[in-house]
Amino acid sequence: MPYAPPMLDTVPSLARTLALPLVALMALVGCGPSPSAAATGGGEVEETDNTGGEVLAATPRSFLPDGVRVRMRIDVTRIRRSPAAPDLGSALMATESFRAWAGSSGLDPIRDLDSVVIGGDALYTNRRVIVMRYVGDEASLRDRILRMGIDRGVTPAWREVQGFAVVDYPDASLPVPHVMVLTAPHEMVLAPADDLDRIIVVAQDHAARRVGDEIIEPQLVFQDHEVMSVESEDAMPTYEGYPEGPQRFTVRMTDNEDGTHADLDVHGEFSSEAACTAARTYLETQRATYVDHMLVRAAQLDRPLREATFSQAGAALDIHADFTADEMRRALGALALLQASRR
C-alpha cells in the first residue's frame, strides 16, 4: 500500500504532546523575510490589475482551498536563526514523512526554505496543498525535482500552463497524484493534480497584485514572534489504552528576538468535560512519571516538564510550556532517536 503521509506524525506520550510543534515540523515536506500585512494585500481597496483590465477583489485569494480542516504554517526564517536550527534540520530529515516525500531531493528544509503553509482535509490525508517559499534559484529547484524523479524511475517533464511552469510530482505510487507549480519567484505550490485549475487562477490573482518578490498568500501572514502554528478541526487520533484526544485543537510556538527561548501553547477542545478531565489527569500523571525519570534528568529536560501548566475550563484544556535553545536541542535529539527507532 502506498504510504500516505500524515499532516502530523502523532505518537501518544507526554513528551510528544509537549513537543507537538516539533512533531508538526517533522511532517514538513519539500525566501525572503516573513510577510507583513501590507505585503499580502490584506485590506486593500478594489483596483485594476496591472495586465490591463479586470477589477481585483479587495482580498487576495488563498492557495488553500475552502473547507480545509487542518492548517499549519512555519516561519523557517525565524527557526534558521536559532541555535537549535541544525538539530531541527537533522531531526526533520530523519522522519518517515520527509523521507517519503522529499528525502531523495537533497533538500534541507531549514537551509532551503523560508516559509511554509500546509492545508489538508484531515490530519491523515492523501490530499494536501503546500505553499513553499524557497531559497535559491529556479534551476536548483528543478534539479532537486529531477533527482527525486530519477530516484523513483521517472523523468519529470515540465510544461507551461497559462504562463506557469508545472510538473507532475514524481511518485506514481501516491494514492492521489499531485503537481508542483512555480507560482512566483522563490515560491512553489504542491497540490492535488485535479486542483491545478484553481491553483492557476489563484496564481494569476497573486501575479496581478505583486510588485517584485512580495509574498501575497494570505495564509503566510505571521503574528509577532510566531515560529509556527497549527489549527485543526479534525480530531486528534485516539489510541487503545489512552484517553480520548481533543476534537479540535490549536498549537502556537513563539520565540524571542534572538531565538534562544521558545514558548509553546496548546489549546484542545474535547467532546465532553469528562473526556477533557481524563486527558488532563493522564497528562499530569505522565508528567509526574517522566519529570523524575533518570534519562530525562540526565538530558536536562526535566525543567520544561516540571514547569509546564495544564489549565482546564469545562471541556477545554490549555497547556503551556517553554524551552531554552539548549533544551530544544536536547529534545530534538531525543525525538530524532525516537524516529530512528520507529524504522
# chains A, B, ... in the order shown; residues from 1 in each chain; ligands from 1
>>> select_by_dssp(residues="stretch 52-226 of chain A", states="helix (DSSP H, G or I)", output="PyMOL selection string")
chain A and resi 76-80+85-93+96-102+109-112+138-151+193-209+218-220
>>> select_by_dssp(residues="stretch 155-198 of chain A", states="strand (DSSP E)", output="ChimeraX atom specification")
/A:159-161,164-168,178-184,187-192
>>> closest_atom_pairs(of="stretch 102-159 of chain A", to="stretch 189-197 of chain A", cutoff="8 Å", atoms="only C-alpha atoms", output="Markdown table")
| residue | atom | partner | partner_atom | distance |
| --- | --- | --- | --- | --- |
| A:Arg127 | CA | A:Pro192 | CA | 6.2 |
| A:Arg128 | CA | A:Ala191 | CA | 6.1 |
| A:Val129 | CA | A:Ala191 | CA | 4.5 |
| A:Ile130 | CA | A:Leu190 | CA | 5.1 |
| A:Val131 | CA | A:Val189 | CA | 4.5 |
| A:Met132 | CA | A:Val189 | CA | 6.3 |
>>> write_last_selection(atoms="C-alpha atoms", output="compact mmCIF listing (two decimals), in the first residue's frame")
# COMPACT_ATOMS: atom_id res chain seq x y z
CA ARG A 127 -4.83 15.38 -0.28
CA ARG A 128 -2.93 18.48 0.77
CA VAL A 129 -1.85 21.85 -0.57
CA ILE A 130 1.60 23.09 0.43
CA VAL A 131 2.86 26.59 -0.34
CA MET A 132 6.64 26.89 -0.02
>>> residues_around(residues="A:Ala122", least_positions_apart="3", cutoff="8 Å", atoms="only C-alpha atoms", output="ChimeraX atom specification")
/A:7,68-70,125,234
>>> residues_around(residues="stretch 320-336 of chain A", least_positions_apart="4", cutoff="9 Å", atoms="only C-alpha atoms", output="ChimeraX atom specification")
/A:15-16,18-19,22-23,82-88,90-92,94-95,259-267,299-301,303-305,307-311,340-341
>>> closest_residue(among="A:Val211, A:Asp151, A:Val296, A:His225", to="A:Asp258", atoms="only C-alpha atoms")
A:His225
>>> atom_distance(atom1="atom CA of A:Ser232", atom2="atom CA of A:Gly120")
9.5 Å
>>> closest_atom_pairs(of="stretch 213-274 of chain A", to="stretch 56-59 of chain A", cutoff="12 Å", atoms="only C-alpha atoms", output="CSV")
residue,atom,partner,partner_atom,distance
A:Ile216,CA,A:Thr59,CA,9.8
A:Glu217,CA,A:Thr59,CA,10.1
A:Pro218,CA,A:Thr59,CA,8.4
A:Gln219,CA,A:Thr59,CA,11.7
>>> residues_around(residues="A:Gly245", least_positions_apart="4", cutoff="10 Å", atoms="only C-alpha atoms", output="list in words")
Pro12, Ala235, Met236, Pro237, Thr238, Tyr239, Phe249, Gly268, Glu269, Phe270, Ser271, Ala275, Cys276, Ala278 and Ala279 of chain A
>>> write_last_selection(atoms="N, CA and C atoms", output="PDB file, in the first residue's frame")
ATOM      1  N   PRO A  12       1.299   8.977  21.068  1.00  0.00           N
ATOM      2  CA  PRO A  12       0.780   9.405  22.360  1.00  0.00           C
ATOM      3  C   PRO A  12       1.806   9.245  23.472  1.00  0.00           C
ATOM      4  N   ALA A 235     -10.235  15.698  14.635  1.00  0.00           N
ATOM      5  CA  ALA A 235      -9.905  15.164  15.948  1.00  0.00           C
ATOM      6  C   ALA A 235      -8.515  14.553  15.970  1.00  0.00           C
ATOM      7  N   MET A 236      -7.801  14.749  17.069  1.00  0.00           N
ATOM      8  CA  MET A 236      -6.509  14.105  17.247  1.00  0.00           C
ATOM      9  C   MET A 236      -6.729  12.602  17.394  1.00  0.00           C
ATOM     10  N   PRO A 237      -5.895  11.777  16.782  1.00  0.00           N
ATOM     11  CA  PRO A 237      -6.092  10.329  16.866  1.00  0.00           C
ATOM     12  C   PRO A 237      -6.099   9.839  18.303  1.00  0.00           C
ATOM     13  N   THR A 238      -6.962   8.851  18.578  1.00  0.00           N
ATOM     14  CA  THR A 238      -7.035   8.232  19.893  1.00  0.00           C
ATOM     15  C   THR A 238      -6.568   6.784  19.762  1.00  0.00           C
ATOM     16  N   TYR A 239      -5.707   6.378  20.669  1.00  0.00           N
ATOM     17  CA  TYR A 239      -5.129   5.041  20.624  1.00  0.00           C
ATOM     18  C   TYR A 239      -5.670   4.199  21.775  1.00  0.00           C
ATOM     19  N   PHE A 249      -8.079  21.346  17.926  1.00  0.00           N
ATOM     20  CA  PHE A 249      -7.003  21.890  18.741  1.00  0.00           C
ATOM     21  C   PHE A 249      -6.209  22.909  17.952  1.00  0.00           C
ATOM     22  N   GLY A 268      -6.883  22.587  23.407  1.00  0.00           N
ATOM     23  CA  GLY A 268      -7.685  21.482  22.900  1.00  0.00           C
ATOM     24  C   GLY A 268      -9.111  21.555  23.393  1.00  0.00           C
ATOM     25  N   GLU A 269     -10.052  21.234  22.530  1.00  0.00           N
ATOM     26  CA  GLU A 269     -11.465  21.201  22.885  1.00  0.00           C
ATOM     27  C   GLU A 269     -11.963  19.772  22.718  1.00  0.00           C
ATOM     28  N   PHE A 270     -12.482  19.209  23.814  1.00  0.00           N
ATOM     29  CA  PHE A 270     -12.853  17.801  23.861  1.00  0.00           C
ATOM     30  C   PHE A 270     -14.358  17.621  23.685  1.00  0.00           C
ATOM     31  N   SER A 271     -14.766  16.393  23.499  1.00  0.00           N
ATOM     32  CA  SER A 271     -16.182  16.101  23.272  1.00  0.00           C
ATOM     33  C   SER A 271     -17.015  16.319  24.520  1.00  0.00           C
ATOM     34  N   ALA A 275     -14.196  13.858  29.215  1.00  0.00           N
ATOM     35  CA  ALA A 275     -13.085  13.464  28.347  1.00  0.00           C
ATOM     36  C   ALA A 275     -11.901  14.393  28.555  1.00  0.00           C
ATOM     37  N   CYS A 276     -12.170  15.675  28.745  1.00  0.00           N
ATOM     38  CA  CYS A 276     -11.101  16.642  28.981  1.00  0.00           C
ATOM     39  C   CYS A 276     -10.400  16.347  30.304  1.00  0.00           C
ATOM     40  N   ALA A 278     -10.209  13.474  31.844  1.00  0.00           N
ATOM     41  CA  ALA A 278      -9.429  12.245  31.708  1.00  0.00           C
ATOM     42  C   ALA A 278      -8.095  12.520  31.022  1.00  0.00           C
ATOM     43  N   ALA A 279      -8.106  13.365  29.986  1.00  0.00           N
ATOM     44  CA  ALA A 279      -6.863  13.687  29.280  1.00  0.00           C
ATOM     45  C   ALA A 279      -5.917  14.481  30.174  1.00  0.00           C
TER      46      ALA A 279
END
>>> residues_around(residues="A:Thr277", least_positions_apart="3", cutoff="10 Å", atoms="only C-alpha atoms", output="number ranges by chain")
A: 243, 270, 272-274, 280-283, 312-317
>>> write_last_selection(atoms="C-alpha atoms", output="PDB file, in the first residue's frame")
ATOM      1  CA  PRO A 243      -7.668   8.786  26.797  1.00  0.00           C
ATOM      2  CA  PHE A 270     -12.853  17.801  23.861  1.00  0.00           C
ATOM      3  CA  SER A 272     -17.118  16.483  26.947  1.00  0.00           C
ATOM      4  CA  GLU A 273     -15.815  17.794  30.250  1.00  0.00           C
ATOM      5  CA  ALA A 274     -15.279  14.196  31.385  1.00  0.00           C
ATOM      6  CA  ARG A 280      -5.606  16.282  31.786  1.00  0.00           C
ATOM      7  CA  THR A 281      -5.317  13.649  34.529  1.00  0.00           C
ATOM      8  CA  TYR A 282      -3.409  11.345  32.197  1.00  0.00           C
ATOM      9  CA  LEU A 283      -1.010  14.096  31.140  1.00  0.00           C
ATOM     10  CA  GLN A 312      -8.931  23.205  32.292  1.00  0.00           C
ATOM     11  CA  ALA A 313     -12.171  25.126  31.729  1.00  0.00           C
ATOM     12  CA  GLY A 314     -15.046  22.736  31.148  1.00  0.00           C
ATOM     13  CA  ALA A 315     -14.278  20.707  28.029  1.00  0.00           C
ATOM     14  CA  ALA A 316     -11.279  22.868  27.056  1.00  0.00           C
ATOM     15  CA  LEU A 317      -7.669  22.251  28.068  1.00  0.00           C
TER      16      LEU A 317
END
>>> closest_residue(among="A:Asp292, A:Asp302, A:Asp171, A:Asp114", to="A:Ile74", atoms="only C-alpha atoms")
A:Asp114
>>> closest_residue(among="A:Leu107, A:Leu123, A:Leu182, A:Leu113", to="A:Gln247", atoms="only C-alpha atoms")
A:Leu123
>>> atom_distance(atom1="atom CA of A:Val154", atom2="atom CA of A:Arg142")
14.1 Å
>>> closest_residue(among="A:Val176, A:Val181, A:Val116, A:Leu295", to="A:Leu141", atoms="only C-alpha atoms")
A:Val181
>>> closest_residue(among="A:Ile199, A:Val179, A:Ile79, A:Ala165", to="A:Pro65", atoms="only C-alpha atoms")
A:Ile199
>>> atom_distance(atom1="atom CA of A:Arg144", atom2="atom CA of A:Gly106")
6.6 Å
